[in-house]
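Trainee: Got data-v2.txt for you, compact mmCIF, C-alpha atoms:
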# COMPACT_ATOMS: atom_id res chain seq x y z
CA MET A 55 -4.50 16.26 -21.15
CA GLU A 56 -6.10 12.84 -20.86
CA THR A 57 -4.59 9.45 -20.10
CA ILE A 58 -5.06 5.89 -21.30
CA ILE A 59 -3.56 3.13 -19.13
CA LEU A 60 -2.88 -0.32 -20.58
CA ALA A 61 -3.74 -2.98 -17.99
CA ALA A 62 -5.21 -5.89 -19.94
CA GLY A 63 -2.31 -8.35 -19.81
CA LYS A 64 -2.54 -11.55 -17.79
CA GLY A 65 1.00 -11.46 -16.44
CA THR A 66 1.61 -15.19 -16.83
CA ARG A 67 5.09 -15.02 -15.30
CA MET A 68 3.57 -13.82 -12.02
CA LYS A 69 1.89 -17.23 -11.71
CA SER A 70 -0.96 -15.68 -9.75
CA LYS A 71 -4.75 -15.81 -9.55
CA LEU A 72 -4.63 -12.04 -9.05
CA PRO A 73 -4.31 -9.77 -12.11
CA LYS A 74 -0.75 -8.54 -12.38
CA VAL A 75 -1.66 -4.86 -12.06
CA LEU A 76 -3.34 -5.47 -8.68
CA HIS A 77 -0.20 -6.79 -7.02
CA LYS A 78 0.97 -4.25 -4.47
CA VAL A 79 4.09 -2.13 -4.42
CA GLY A 80 4.57 -0.05 -1.31
CA GLY A 81 1.22 -1.25 0.00
CA LYS A 82 -0.77 -0.04 -3.02
CA ALA A 83 -1.83 -1.79 -6.23
CA MET A 84 0.65 -0.98 -8.98
CA LEU A 85 -2.19 0.18 -11.23
CA GLN A 86 -3.29 2.65 -8.54
CA HIS A 87 0.26 4.05 -8.43
CA VAL A 88 0.06 4.70 -12.17
CA ILE A 89 -3.36 6.35 -11.89
CA ASP A 90 -2.19 8.57 -9.03
CA ALA A 91 0.93 9.63 -10.95
CA ALA A 92 -1.18 10.54 -13.98
CA LYS A 93 -3.49 12.68 -11.85
CA ALA A 94 -0.49 14.35 -10.20
CA ALA A 95 0.84 15.19 -13.69
CA GLY A 96 -2.39 17.03 -14.50
CA SER A 97 -4.45 14.37 -16.23
CA THR A 98 -8.12 15.31 -16.32
CA ARG A 99 -9.43 11.87 -17.26
CA GLU A 100 -8.09 8.32 -17.02
CA VAL A 101 -9.29 5.42 -19.19
CA VAL A 102 -8.01 1.98 -18.20
CA VAL A 103 -7.94 -0.84 -20.77
CA ILE A 104 -8.61 -4.12 -18.97
CA GLY A 105 -8.77 -7.74 -20.08
CA SER A 106 -7.49 -10.58 -17.92
CA GLY A 107 -9.17 -10.47 -14.48
CA ALA A 108 -11.29 -7.53 -15.58
CA GLU A 109 -13.92 -7.90 -12.86
CA LEU A 110 -11.32 -8.01 -10.09
CA VAL A 111 -9.77 -4.83 -11.45
CA ARG A 112 -13.17 -3.11 -11.56
CA GLN A 113 -13.78 -4.10 -7.93
CA GLU A 114 -10.42 -2.83 -6.70
CA ILE A 115 -9.99 0.39 -8.72
CA SER A 116 -12.37 3.35 -8.74
CA GLY A 117 -12.50 6.88 -10.12
CA VAL A 118 -11.56 5.89 -13.68
CA GLU A 119 -13.28 4.72 -16.87
CA PHE A 120 -12.81 1.16 -18.13
CA VAL A 121 -12.58 -0.35 -21.61
CA LEU A 122 -12.58 -4.11 -22.08
CA GLN A 123 -10.06 -5.53 -24.56
CA GLU A 124 -11.67 -8.87 -25.37
CA GLU A 125 -8.61 -10.32 -27.11
CA GLN A 126 -5.06 -9.24 -26.32
CA LEU A 127 -3.42 -8.53 -29.69
CA GLY A 128 -0.73 -6.08 -28.63
CA THR A 129 -0.33 -2.56 -27.30
CA GLY A 130 -1.55 -0.90 -30.49
CA HIS A 131 -4.70 -3.01 -30.46
CA ALA A 132 -5.22 -2.15 -26.77
CA VAL A 133 -5.15 1.59 -27.45
CA LEU A 134 -7.37 1.19 -30.51
CA SER A 135 -9.98 -0.61 -28.40
CA ALA A 136 -10.51 2.67 -26.54
CA LYS A 137 -10.93 4.78 -29.67
CA GLU A 138 -14.61 5.57 -29.05
CA LYS A 139 -13.79 7.00 -25.63
CA PHE A 140 -11.69 9.70 -27.30
CA ALA A 141 -13.82 10.42 -30.37
CA ASP A 142 -14.39 14.02 -29.28
CA SER A 143 -11.04 14.59 -27.58
CA LYS A 144 -8.49 17.18 -28.62
CA GLY A 145 -5.01 17.93 -27.38
CA THR A 146 -2.69 15.52 -25.59
CA LEU A 147 -3.26 11.85 -24.81
CA MET A 148 -0.70 10.26 -22.50
CA VAL A 149 -0.31 6.48 -22.76
CA LEU A 150 0.91 4.63 -19.65
CA CYS A 151 1.39 0.99 -18.68
CA GLY A 152 -0.41 -0.36 -15.64
CA ASP A 153 2.60 -2.40 -14.51
CA THR A 154 5.08 0.50 -14.12
CA PRO A 155 4.39 1.80 -10.61
CA LEU A 156 7.68 3.64 -10.02
CA PHE A 157 6.97 6.67 -12.20
CA THR A 158 6.38 9.86 -10.24
CA GLY A 159 3.89 12.59 -10.97
CA ASP A 160 6.76 15.10 -11.26
CA LEU A 161 8.44 13.06 -13.99
CA LEU A 162 5.23 12.68 -15.98
CA LYS A 163 4.42 16.39 -15.61
CA LYS A 164 7.83 17.31 -17.03
CA PHE A 165 7.33 14.77 -19.82
CA VAL A 166 3.94 16.20 -20.81
CA ASP A 167 5.21 19.78 -20.67
CA THR A 168 8.12 18.90 -22.97
CA HIS A 169 5.77 17.24 -25.45
CA GLU A 170 3.36 20.16 -25.57
CA ASN A 171 6.08 22.82 -25.73
CA SER A 172 7.76 21.03 -28.64
CA LYS A 173 4.46 20.85 -30.55
CA SER A 174 5.25 17.26 -31.51
CA ALA A 175 2.76 14.76 -32.86
CA ALA A 176 4.27 12.20 -30.50
CA THR A 177 6.85 12.05 -27.73
CA VAL A 178 8.33 8.89 -26.26
CA LEU A 179 10.02 8.51 -22.87
CA THR A 180 13.31 6.63 -23.05
CA ALA A 181 15.90 5.34 -20.59
CA GLU A 182 19.53 4.26 -20.71
CA ILE A 183 19.74 0.96 -18.84
CA PRO A 184 22.65 -1.42 -18.16
CA ASP A 185 20.85 -4.53 -19.44
CA ALA A 186 18.38 -3.85 -22.23
CA THR A 187 17.38 -7.47 -22.79
CA GLY A 188 13.69 -7.72 -23.64
CA TYR A 189 13.17 -4.00 -24.19
CA GLY A 190 12.36 -2.17 -27.41
CA ARG A 191 15.44 -0.26 -28.61
CA ILE A 192 15.47 3.40 -29.62
CA VAL A 193 17.10 3.66 -33.04
CA ARG A 194 18.25 7.17 -34.00
CA GLU A 195 19.12 8.93 -37.24
CA ASP A 196 22.66 10.17 -37.92
CA ASP A 197 21.67 13.58 -36.53
CA ASN A 198 20.51 11.88 -33.31
CA THR A 199 16.82 12.48 -33.95
CA PHE A 200 14.31 9.69 -33.54
CA LYS A 201 14.21 7.07 -36.29
CA LYS A 202 12.22 4.10 -34.95
CA ILE A 203 11.64 1.66 -32.11
CA VAL A 204 12.52 -1.96 -32.74
CA GLU A 205 11.31 -4.68 -30.36
CA HIS A 206 13.94 -7.00 -28.91
CA LYS A 207 12.69 -10.09 -30.77
CA ASP A 208 12.76 -8.19 -34.07
CA ALA A 209 16.10 -6.42 -33.48
CA THR A 210 19.30 -7.21 -35.35
CA TYR A 211 22.49 -8.08 -33.51
CA TYR A 212 23.72 -4.48 -33.79
CA GLU A 213 20.39 -3.02 -32.67
CA ARG A 214 20.51 -5.22 -29.59
CA GLN A 215 23.73 -3.50 -28.54
CA ILE A 216 21.76 -0.25 -28.07
CA ARG A 217 21.18 0.58 -24.39
CA GLU A 218 18.58 3.33 -24.89
CA VAL A 219 15.20 1.67 -24.57
CA ASN A 220 11.54 2.51 -24.88
CA ALA A 221 10.04 3.10 -21.44
CA GLY A 222 6.54 2.39 -22.77
CA ILE A 223 5.31 5.89 -21.97
CA TYR A 224 4.06 8.19 -24.73
CA CYS A 225 2.34 11.48 -25.38
CA PHE A 226 0.36 11.89 -28.61
CA ASP A 227 -1.78 14.39 -30.39
CA VAL A 228 -4.91 12.36 -29.75
CA GLN A 229 -6.49 12.60 -33.21
CA LYS A 230 -3.22 11.95 -35.05
CA LEU A 231 -2.68 8.88 -32.85
CA PHE A 232 -5.95 7.18 -33.76
CA THR A 233 -5.57 8.03 -37.44
CA ALA A 234 -2.13 6.39 -37.49
CA LEU A 235 -3.31 3.37 -35.47
CA THR A 236 -5.54 2.24 -38.33
CA LYS A 237 -2.38 1.77 -40.42
CA VAL A 238 -0.48 -0.43 -37.96
CA LYS A 239 0.12 -4.00 -39.15
CA ASN A 240 1.05 -7.14 -37.22
CA GLU A 241 3.93 -8.29 -39.44
CA ASN A 242 6.40 -9.07 -36.64
CA ALA A 243 7.73 -11.96 -34.57
CA GLN A 244 4.84 -11.76 -32.11
CA GLY A 245 2.06 -11.32 -34.66
CA GLU A 246 0.84 -8.34 -32.62
CA TYR A 247 -0.10 -4.73 -33.32
CA TYR A 248 2.69 -2.68 -31.73
CA LEU A 249 1.92 0.82 -30.50
CA PRO A 250 5.52 1.98 -31.21
CA ASP A 251 4.86 1.43 -34.94
CA VAL A 252 2.65 4.52 -34.75
CA LEU A 253 5.79 6.61 -34.29
CA THR A 254 7.27 5.38 -37.55
CA ILE A 255 3.98 5.98 -39.37
CA LEU A 256 3.80 9.54 -38.04
CA LYS A 257 7.44 10.20 -38.89
CA ASN A 258 6.90 8.97 -42.45
CA SER A 259 4.02 11.45 -42.68
CA ALA A 260 6.46 14.26 -41.86
CA GLU A 261 5.18 14.64 -38.31
CA LYS A 262 7.57 15.66 -35.53
CA ILE A 263 8.59 12.91 -33.07
CA SER A 264 10.41 13.85 -29.85
CA THR A 265 12.14 11.85 -27.14
CA VAL A 266 12.73 12.56 -23.46
CA VAL A 267 15.44 10.61 -21.63
CA VAL A 268 14.61 9.91 -17.99
CA ASP A 269 17.32 10.75 -15.42
CA ASP A 270 16.66 7.76 -13.16
CA TYR A 271 16.11 4.64 -15.24
CA THR A 272 14.75 2.70 -12.24
CA GLN A 273 11.52 4.70 -12.56
CA THR A 274 10.88 2.95 -15.87
CA PHE A 275 10.91 -0.59 -14.46
CA GLY A 276 7.97 -2.74 -15.51
CA ILE A 277 6.92 -5.71 -13.41
CA ASN A 278 6.45 -9.11 -14.99
CA SER A 279 7.57 -11.54 -12.27
CA ARG A 280 7.66 -11.96 -8.50
CA ALA A 281 11.38 -11.17 -8.51
CA GLN A 282 10.73 -7.88 -10.31
CA LEU A 283 7.89 -7.17 -7.87
CA ALA A 284 10.32 -7.58 -4.96
CA ALA A 285 12.85 -5.32 -6.68
CA ALA A 286 10.19 -2.62 -7.22
CA ASN A 287 9.11 -2.85 -3.59
CA LYS A 288 12.71 -2.35 -2.50
CA ILE A 289 13.07 0.75 -4.68
CA MET A 290 9.78 2.15 -3.42
CA ARG A 291 10.81 1.45 0.18
CA GLN A 292 14.17 3.18 -0.25
CA ARG A 293 12.46 6.16 -1.86
CA LYS A 294 9.94 6.43 0.99
CA ASN A 295 12.58 6.09 3.71
CA LEU A 296 14.68 8.85 2.14
CA GLU A 297 11.59 11.06 1.92
CA LEU A 298 10.88 10.51 5.63
CA MET A 299 14.47 11.13 6.70
CA ASP A 300 14.58 14.31 4.64
CA SER A 301 11.45 15.49 6.51
CA GLY A 302 13.03 15.00 9.94
CA VAL A 303 12.34 11.37 10.83
CA THR A 304 15.12 9.20 12.26
CA ILE A 305 15.28 5.70 10.81
CA ILE A 306 17.87 3.63 12.64
CA ASP A 307 18.28 1.05 9.87
CA PRO A 308 16.55 1.87 6.57
CA ASP A 309 17.32 -1.59 5.18
CA SER A 310 15.13 -3.23 7.82
CA THR A 311 12.36 -0.61 7.94
CA PHE A 312 9.32 -1.13 5.70
CA VAL A 313 7.07 1.89 5.12
CA ASP A 314 4.18 1.97 2.64
CA ALA A 315 3.83 4.78 0.14
CA GLU A 316 0.89 6.57 1.80
CA VAL A 317 2.18 6.47 5.39
CA GLU A 318 2.81 9.81 7.14
CA VAL A 319 5.33 10.27 9.97
CA GLY A 320 5.92 13.43 12.00
CA GLN A 321 9.15 15.25 12.79
CA ASP A 322 11.62 13.82 15.34
CA THR A 323 9.93 10.43 15.45
CA ILE A 324 12.42 7.57 15.69
CA ILE A 325 11.79 4.28 13.90
CA TYR A 326 13.73 1.24 15.06
CA PRO A 327 14.55 -1.84 12.96
CA ASN A 328 12.12 -4.52 11.83
CA THR A 329 9.22 -2.09 11.85
CA TYR A 330 6.37 -2.18 9.31
CA LEU A 331 4.21 0.90 8.77
CA GLU A 332 1.41 -0.02 6.39
CA GLY A 333 -1.70 1.27 4.64
CA LYS A 334 -2.87 4.73 5.66
CA THR A 335 -1.01 4.83 8.98
CA LYS A 336 -0.32 8.34 10.24
CA ILE A 337 2.18 8.90 13.07
CA GLY A 338 2.70 12.15 14.97
CA GLU A 339 5.84 13.84 16.24
CA ASP A 340 8.40 12.73 18.84
CA CYS A 341 7.31 9.09 18.82
CA THR A 342 9.47 6.01 19.28
CA ILE A 343 8.25 3.18 17.09
CA GLY A 344 9.81 -0.28 17.22
CA PRO A 345 11.77 -2.39 17.22
CA SER A 346 9.66 -5.18 15.70
CA THR A 347 6.42 -3.23 15.47
CA ARG A 348 3.71 -3.41 12.83
CA LEU A 349 1.14 -0.64 12.42
CA THR A 350 -1.55 -1.01 9.73
CA ASN A 351 -4.07 1.80 9.14
CA VAL A 352 -3.40 3.28 12.58
CA ILE A 353 -3.66 6.92 13.64
CA VAL A 354 -0.91 7.63 16.19
CA GLY A 355 -0.60 10.84 18.19
CA ASN A 356 2.53 12.57 19.51
CA ASN A 357 5.03 11.19 22.05
CA VAL A 358 3.84 7.61 21.65
CA GLN A 359 6.14 4.69 22.42
CA ALA A 360 5.45 1.30 20.82
CA GLN A 361 7.78 -1.68 20.82
CA PHE A 362 7.15 -5.27 19.80
CA SER A 363 3.55 -4.35 19.07
CA TYR A 364 0.96 -5.09 16.37
CA CYS A 365 -1.80 -2.52 15.94
CA HIS A 366 -4.31 -2.27 13.11
CA ASP A 367 -7.35 -0.15 12.19
CA SER A 368 -7.26 1.70 15.49
CA GLU A 369 -6.34 5.04 17.10
CA ILE A 370 -3.57 5.62 19.61
CA CYS A 371 -3.53 9.05 21.23
CA ASP A 372 -0.74 11.24 22.66
CA GLY A 373 1.62 9.88 25.28
CA VAL A 374 0.58 6.23 25.07
CA ILE A 375 3.12 3.54 25.94
CA LEU A 376 2.70 0.15 24.27
CA GLY A 377 4.60 -3.05 24.70
CA PRO A 378 6.32 -5.26 24.59
CA TYR A 379 4.01 -7.80 22.94
CA VAL A 380 0.80 -5.80 22.59
CA HIS A 381 -2.00 -6.44 20.09
CA ILE A 382 -4.40 -3.57 19.42
CA ARG A 383 -7.21 -4.85 17.22
CA PRO A 384 -9.68 -2.98 14.95
CA GLY A 385 -12.16 -0.52 16.39
CA SER A 386 -10.05 0.43 19.41
CA LYS A 387 -9.21 3.89 20.69
CA ILE A 388 -6.41 4.20 23.23
CA SER A 389 -6.72 7.61 24.90
CA LYS A 390 -3.95 9.91 26.13
CA ASN A 391 -1.25 8.66 28.51
CA VAL A 392 -2.54 5.08 28.67
CA LYS A 393 0.02 2.41 29.50
CA ILE A 394 -0.43 -1.03 27.96
CA GLY A 395 2.24 -3.51 28.98
CA ASN A 396 3.37 -6.96 27.95
CA PHE A 397 1.03 -9.60 26.55
CA VAL A 398 -2.12 -7.49 26.37
CA GLU A 399 -4.82 -7.67 23.70
CA VAL A 400 -7.38 -4.90 23.18
CA LYS A 401 -10.23 -5.36 20.72
CA ASN A 402 -13.02 -2.96 19.70
CA SER A 403 -12.62 -1.03 22.95
CA ASN A 404 -12.25 2.52 24.20
CA ILE A 405 -9.59 2.89 26.89
CA GLY A 406 -9.90 6.12 28.91
CA GLU A 407 -7.16 8.64 29.59
CA GLY A 408 -4.42 7.57 31.97
CA SER A 409 -5.69 4.03 32.49
CA LYS A 410 -3.23 1.17 32.92
CA LEU A 411 -3.29 -2.34 31.50
CA PRO A 412 0.12 -3.49 32.72
CA HIS A 413 0.20 -7.15 31.68
CA LEU A 414 -1.66 -10.28 30.64
CA GLN A 415 -5.12 -8.87 29.88
CA TYR A 416 -7.77 -9.43 27.24
CA ILE A 417 -9.99 -6.36 26.96
CA GLY A 418 -12.63 -6.89 24.29
CA ASP A 419 -15.79 -4.87 23.54
CA CYS A 420 -15.19 -2.58 26.49
CA ASP A 421 -15.77 1.10 27.27
CA MET A 422 -13.31 1.98 30.02
CA GLY A 423 -13.10 5.30 31.79
CA SER A 424 -10.02 7.27 32.84
CA GLY A 425 -7.61 6.46 35.66
CA CYS A 426 -8.41 2.75 35.80
CA ASN A 427 -5.99 0.00 36.79
CA MET A 428 -6.49 -3.51 35.44
CA GLY A 429 -4.80 -6.24 37.46
CA CYS A 430 -2.76 -9.00 35.88
CA GLY A 431 -4.91 -11.61 34.13
CA THR A 432 -8.08 -9.51 33.85
CA ILE A 433 -10.51 -10.56 31.14
CA THR A 434 -13.66 -8.94 29.82
CA VAL A 435 -15.75 -12.00 28.98
CA ASN A 436 -17.57 -10.66 25.91
CA TYR A 437 -18.86 -13.77 24.10
CA ASP A 438 -21.54 -16.23 25.22
CA GLY A 439 -21.12 -18.52 22.23
CA LYS A 440 -23.70 -16.71 20.08
CA LYS A 441 -23.47 -12.97 20.70
CA LYS A 442 -20.88 -10.38 21.72
CA PHE A 443 -21.67 -8.10 24.68
CA ARG A 444 -19.99 -4.96 26.01
CA THR A 445 -18.44 -4.23 29.38
CA THR A 446 -18.69 -0.69 30.78
CA ILE A 447 -16.12 0.46 33.32
CA GLY A 448 -16.29 3.90 34.94
CA ASP A 449 -13.49 6.24 36.03
CA ASN A 450 -10.87 5.32 38.64
CA VAL A 451 -11.87 1.66 38.87
CA PHE A 452 -9.40 -0.86 40.33
CA VAL A 453 -9.68 -4.45 39.18
CA GLY A 454 -7.69 -7.07 41.09
CA CYS A 455 -5.69 -9.72 39.32
CA ASN A 456 -7.25 -12.82 37.73
CA SER A 457 -10.69 -11.23 37.53
CA ASN A 458 -13.38 -11.94 34.93
CA LEU A 459 -15.96 -9.31 34.01
CA VAL A 460 -18.78 -11.24 32.34
CA ALA A 461 -20.58 -8.96 29.89
CA PRO A 462 -22.99 -7.33 29.72
CA VAL A 463 -21.91 -5.76 32.98
CA THR A 464 -21.21 -2.27 34.33
CA VAL A 465 -18.62 -1.35 36.95
CA GLU A 466 -19.31 2.20 38.14
CA ASP A 467 -16.86 4.98 39.11
CA GLY A 468 -14.44 4.30 41.94
CA ALA A 469 -15.40 0.66 42.39
CA TYR A 470 -12.94 -2.07 43.42
CA ILE A 471 -12.96 -5.69 42.28
CA ALA A 472 -11.25 -8.15 44.61
CA ALA A 473 -8.61 -10.39 43.10
CA GLY A 474 -9.88 -13.66 41.67
CA SER A 475 -13.48 -12.46 41.27
CA THR A 476 -15.88 -13.40 38.49
CA ILE A 477 -18.27 -10.46 38.19
CA THR A 478 -21.65 -11.22 36.63
CA GLU A 479 -23.69 -8.35 38.11
CA ASN A 480 -23.27 -4.58 38.05
CA VAL A 481 -20.99 -3.04 40.67
CA PRO A 482 -22.27 0.29 42.12
CA LYS A 483 -20.12 3.37 42.58
CA ASN A 484 -17.36 3.14 45.20
CA ASN A 485 -18.31 -0.46 46.14
CA LEU A 486 -15.94 -3.39 46.67
CA ALA A 487 -17.09 -6.49 44.79
CA ILE A 488 -15.93 -9.93 45.92
CA ALA A 489 -17.13 -12.87 43.86
CA ARG A 490 -15.21 -15.96 44.92
CA SER A 491 -15.87 -18.88 47.25
CA ARG A 492 -14.65 -18.73 50.85
CA GLN A 493 -11.26 -20.39 51.40
CA THR A 494 -11.34 -23.74 53.14
CA ASN A 495 -8.23 -25.38 54.65
CA ILE A 496 -8.48 -29.17 55.15
CA GLU A 497 -6.21 -30.32 57.94
CA GLY A 498 -4.13 -33.44 57.30
CA TRP A 499 -5.13 -33.68 53.62
CA THR A 500 -1.54 -34.01 52.35
CA ASP A 501 -0.80 -36.84 54.78
CA LYS A 502 -3.76 -38.83 53.48
CA ARG A 503 -2.69 -38.22 49.87
CA LYS A 504 0.78 -39.56 50.59
Show how you would write the structure in this file as structure tokens.
Mentor:
Amino acid sequence: METIILAAGKGTRMKSKLPKVLHKVGGKAMLQHVIDAAKAAGSTREVVVIGSGAELVRQEISGVEFVLQEEQLGTGHAVLSAKEKFADSKGTLMVLCGDTPLFTGDLLKKFVDTHENSKSAATVLTAEIPDATGYGRIVREDDNTFKKIVEHKDATYYERQIREVNAGIYCFDVQKLFTALTKVKNENAQGEYYLPDVLTILKNSAEKISTVVVDDYTQTFGINSRAQLAAANKIMRQRKNLELMDSGVTIIDPDSTFVDAEVEVGQDTIIYPNTYLEGKTKIGEDCTIGPSTRLTNVIVGNNVQAQFSYCHDSEICDGVILGPYVHIRPGSKISKNVKIGNFVEVKNSNIGEGSKLPHLQYIGDCDMGSGCNMGCGTITVNYDGKKKFRTTIGDNVFVGCNSNLVAPVTVEDGAYIAAGSTITENVPKNNLAIARSRQTNIEGWTDKRK
């Protein structure tokens, strides 16, 4: 079973510089959703027909073959443009649309199995929808078998009353498909070569045509506008939240929790409102995430607490407490049982086990040992205006408040930094470093000022 995916359309109603099929649903390009569903259904090869924004699609999508449709003359023309790719193919060819990201692999697998078991020349997926405006209607014979598909613009008044529509998903005997495609004409309101006309041609040649009605019509939604994109995102989000709750995750308010399709969350984790879990984030068990937290491509261990925090492209190990108002930037690893309090930023740094950054710190390009305590207002001064430098801090170091560690600098195990110090030289093990001017009190100064 092979697959061809139609993704050449410009998507003018999106009003975007980005090709329509690259807009994201659930944090993943809608075309990638379609490809993944095809693979999950058992497809052994995927050929994507591209046109508008072809180079951008090639850059974003991998693991498939591409065919360029130079001129967009309809769905039938799009499939025909890939004919050479399937010259030696036999068996089933599934045809999908690149702007229908809500199909699941399970649905497509059932669809393909039905087609192959029925030994049909073609099978079309259909859906009963409340408002069929704009969709091709499924017209049936008196015995309820398939008769034809008529596009909305070509439909009569009575045909437009039909609520069973073409979902744009097909299975074909691959060789019969391409033979019939050569007979398709463009004598219609759009002046295009319609792929559904193949079904009529096959039927008139005494070939068997089957239909499969989808249980959940929302899976058939295509995306042509920003409003439809938002609607698809909402459906995907609801589906993901239900999946997580069924697996043992507590979501306090699903309507205000936004979880991307590929995110993983462990059992007995609690997610509070206004939380965004994005990309390839993976969260362990027994965590408390949120409220108002955003995690993007973050690996989170077990028993982690994070509130009012933004973390991206980083790792947070077991037992860490974050927040409120914490920013963990890319390249950071926060080791076990670290506490990071309010208004702290960590960038490209390794924070050792059990260390504490309670409040108001910037820790950038730093390798910190275990058991350290950073006083309020501590900064690792990592940038000289041209280059970034690293700060190395050993185990069990205590840094007093309002201290600056000017990199490159090393503070060895057990050292203390006095409050208000600006450290520009290495501090040996178990030393106390004081780097501030001696206090001077000027008697009578306030009287003179007055």
Trainee: Which residue, A:Lys294, A:Lys237, A:Arg194, A:Lys69, has the smallest gap to A:Leu134 when you use only C-alpha atoms?
Mentor: A:Lys237
Trainee: How many Å lie between atom CA of A:Ala175 and atom CA of A:Leu231, rounded to one decimal?
Mentor: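 For atom CA of A:Ala175 relative to atom CA of A:Leu231, the distance reads 8.0 Å.
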Trainee: Near A:Asp467, within 12 Å and counting all atoms listed in the file, which residues show up once chain neighbours fewer than 3 positions away are dropped, as a ChimeraX atom specification?
Mentor: /A:422-426,446-453,464,470-471,480-486
Trainee: Return as CSV the residues of stretch 128-173 of chain A lying at most 7 Å from stretch 214-230 of chain A, together with the closest atom-to-atom pair for each and the distance in Å to one decimal, counting only C-alpha atoms, with rows in chain order and ascending residue number.
Mentor:
residue,atom,partner,partner_atom,distance
A:Ser143,CA,A:Val228,CA,6.9
A:Lys144,CA,A:Val228,CA,6.1
A:Gly145,CA,A:Asp227,CA,5.7
A:Thr146,CA,A:Asp227,CA,5.0
A:Leu147,CA,A:Val228,CA,5.2
A:Met148,CA,A:Cys225,CA,4.4
A:Val149,CA,A:Tyr224,CA,5.1
A:Leu150,CA,A:Ile223,CA,5.1
A:Cys151,CA,A:Gly222,CA,6.7
A:Val166,CA,A:Cys225,CA,6.8
A:His169,CA,A:Cys225,CA,6.7
Trainee: Output the selection as a PDB file, in the coordinates of the input - C-alpha atoms for each residue.
Mentor:
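Generated output (out.pdb):
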ATOM      1  CA  SER A 143     -11.040  14.590 -27.580  1.00  0.00           C
ATOM      2  CA  LYS A 144      -8.490  17.180 -28.620  1.00  0.00           C
ATOM      3  CA  GLY A 145      -5.010  17.930 -27.380  1.00  0.00           C
ATOM      4  CA  THR A 146      -2.690  15.520 -25.590  1.00  0.00           C
ATOM      5  CA  LEU A 147      -3.260  11.850 -24.810  1.00  0.00           C
ATOM      6  CA  MET A 148      -0.700  10.260 -22.500  1.00  0.00           C
ATOM      7  CA  VAL A 149      -0.310   6.480 -22.760  1.00  0.00           C
ATOM      8  CA  LEU A 150       0.910   4.630 -19.650  1.00  0.00           C
ATOM      9  CA  CYS A 151       1.390   0.990 -18.680  1.00  0.00           C
ATOM     10  CA  VAL A 166       3.940  16.200 -20.810  1.00  0.00           C
ATOM     11  CA  HIS A 169       5.770  17.240 -25.450  1.00  0.00           C
TER      12      HIS A 169
END
Trainee: Quick one: pull the distance between atom CA of A:Val374 and atom CA of A:Val398, Å, one decimal.
Mentor: 14.0 Å
Trainee: For A:His366, which residue among A:Asn402, A:Asn278, A:Gln244, A:Ser174 is the nearest when counting all atoms listed in the file?
Mentor: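 For A:His366, the nearest of the given residues is A:Asn402.
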Trainee: Quote the spacing between atom CA of A:Tyr212 and atom CA of A:Val193 in Å to one decimal place.
Mentor: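 Computing the Euclidean distance for atom CA of A:Tyr212 and atom CA of A:Val193 yields 10.5 Å.
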Trainee: Between A:Asp340, A:Asp208, A:Asp367, A:Glu182, which has the minimum distance to A:Tyr271 (counting all atoms listed in the file)?
Mentor: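 So, comparing all the options, the nearest one is A:Glu182.
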Trainee: Between A:Glu138, A:Asp269, A:Glu213, A:Glu124, single out the one closest to A:Phe157, counting all atoms listed in the file.
Mentor: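 Of A:Glu138, A:Asp269, A:Glu213, A:Glu124, the one nearest A:Phe157, counting all atoms listed in the file, is A:Asp269.
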Trainee: So that I can check the surroundings of A:Leu76, please list as a PyMOL selection string every protein, DNA and RNA residue that reaches within 9 Å of it, counting all atoms listed in the file and ignoring chain neighbours fewer than 3 positions away.
Mentor: chain A and resi 72-73+82-86+110-111+114-115+153
Trainee: For the residues in that selection, give me C-alpha atoms as a CSV table (one decimal), keeping the file's coordinate frame.
Mentor:
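To be explicit, this is the file written out as again.csv:
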chain,number,residue,atom,x,y,z
A,72,LEU,CA,-4.6,-12.0,-9.0
A,73,PRO,CA,-4.3,-9.8,-12.1
A,82,LYS,CA,-0.8,0.0,-3.0
A,83,ALA,CA,-1.8,-1.8,-6.2
A,84,MET,CA,0.6,-1.0,-9.0
A,85,LEU,CA,-2.2,0.2,-11.2
A,86,GLN,CA,-3.3,2.6,-8.5
A,110,LEU,CA,-11.3,-8.0,-10.1
A,111,VAL,CA,-9.8,-4.8,-11.4
A,114,GLU,CA,-10.4,-2.8,-6.7
A,115,ILE,CA,-10.0,0.4,-8.7
A,153,ASP,CA,2.6,-2.4,-14.5
Trainee: For A:Ser310, which residue out of A:Ala234, A:Leu331, A:Ala281, A:Val266 is the nearest one, using all atoms listed in the file?
Mentor: A:Leu331
Trainee: Just checking: using all atoms listed in the file, which residue out of A:Val392, A:Ile477, A:Val102, A:Ala360 ends up closest to A:Asn427?
Mentor: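 Result for the nearest residue to A:Asn427: A:Val392.
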Trainee: Which neighbours of A:Gln359 fall inside 7 Å, counting only C-alpha atoms, when residues of the same chain fewer than 6 positions from it are skipped, and could you give them as a count of residues only?
Mentor: 6
Trainee: Please write out, as AutoDock Vina command-line options, where the centre of an axis-aligned box around all listed atoms of stretch 463-469 of chain A lies and how long its edges are, in Å to one decimal, after adding 5 Å on each side.
Mentor:
--center_x -18.2 --center_y -0.4 --center_z 37.7 --size_x 17.5 --size_y 20.7 --size_z 19.4
Trainee: Would you list the residues near (4.3, 17.9, -16.0), meaning any protein, DNA or RNA residue with an atom at most 12 Å from that point in file coordinates, counting all atoms listed in the file, as a ChimeraX atom specification?
Mentor: /A:55,91-97,148,158-171,225
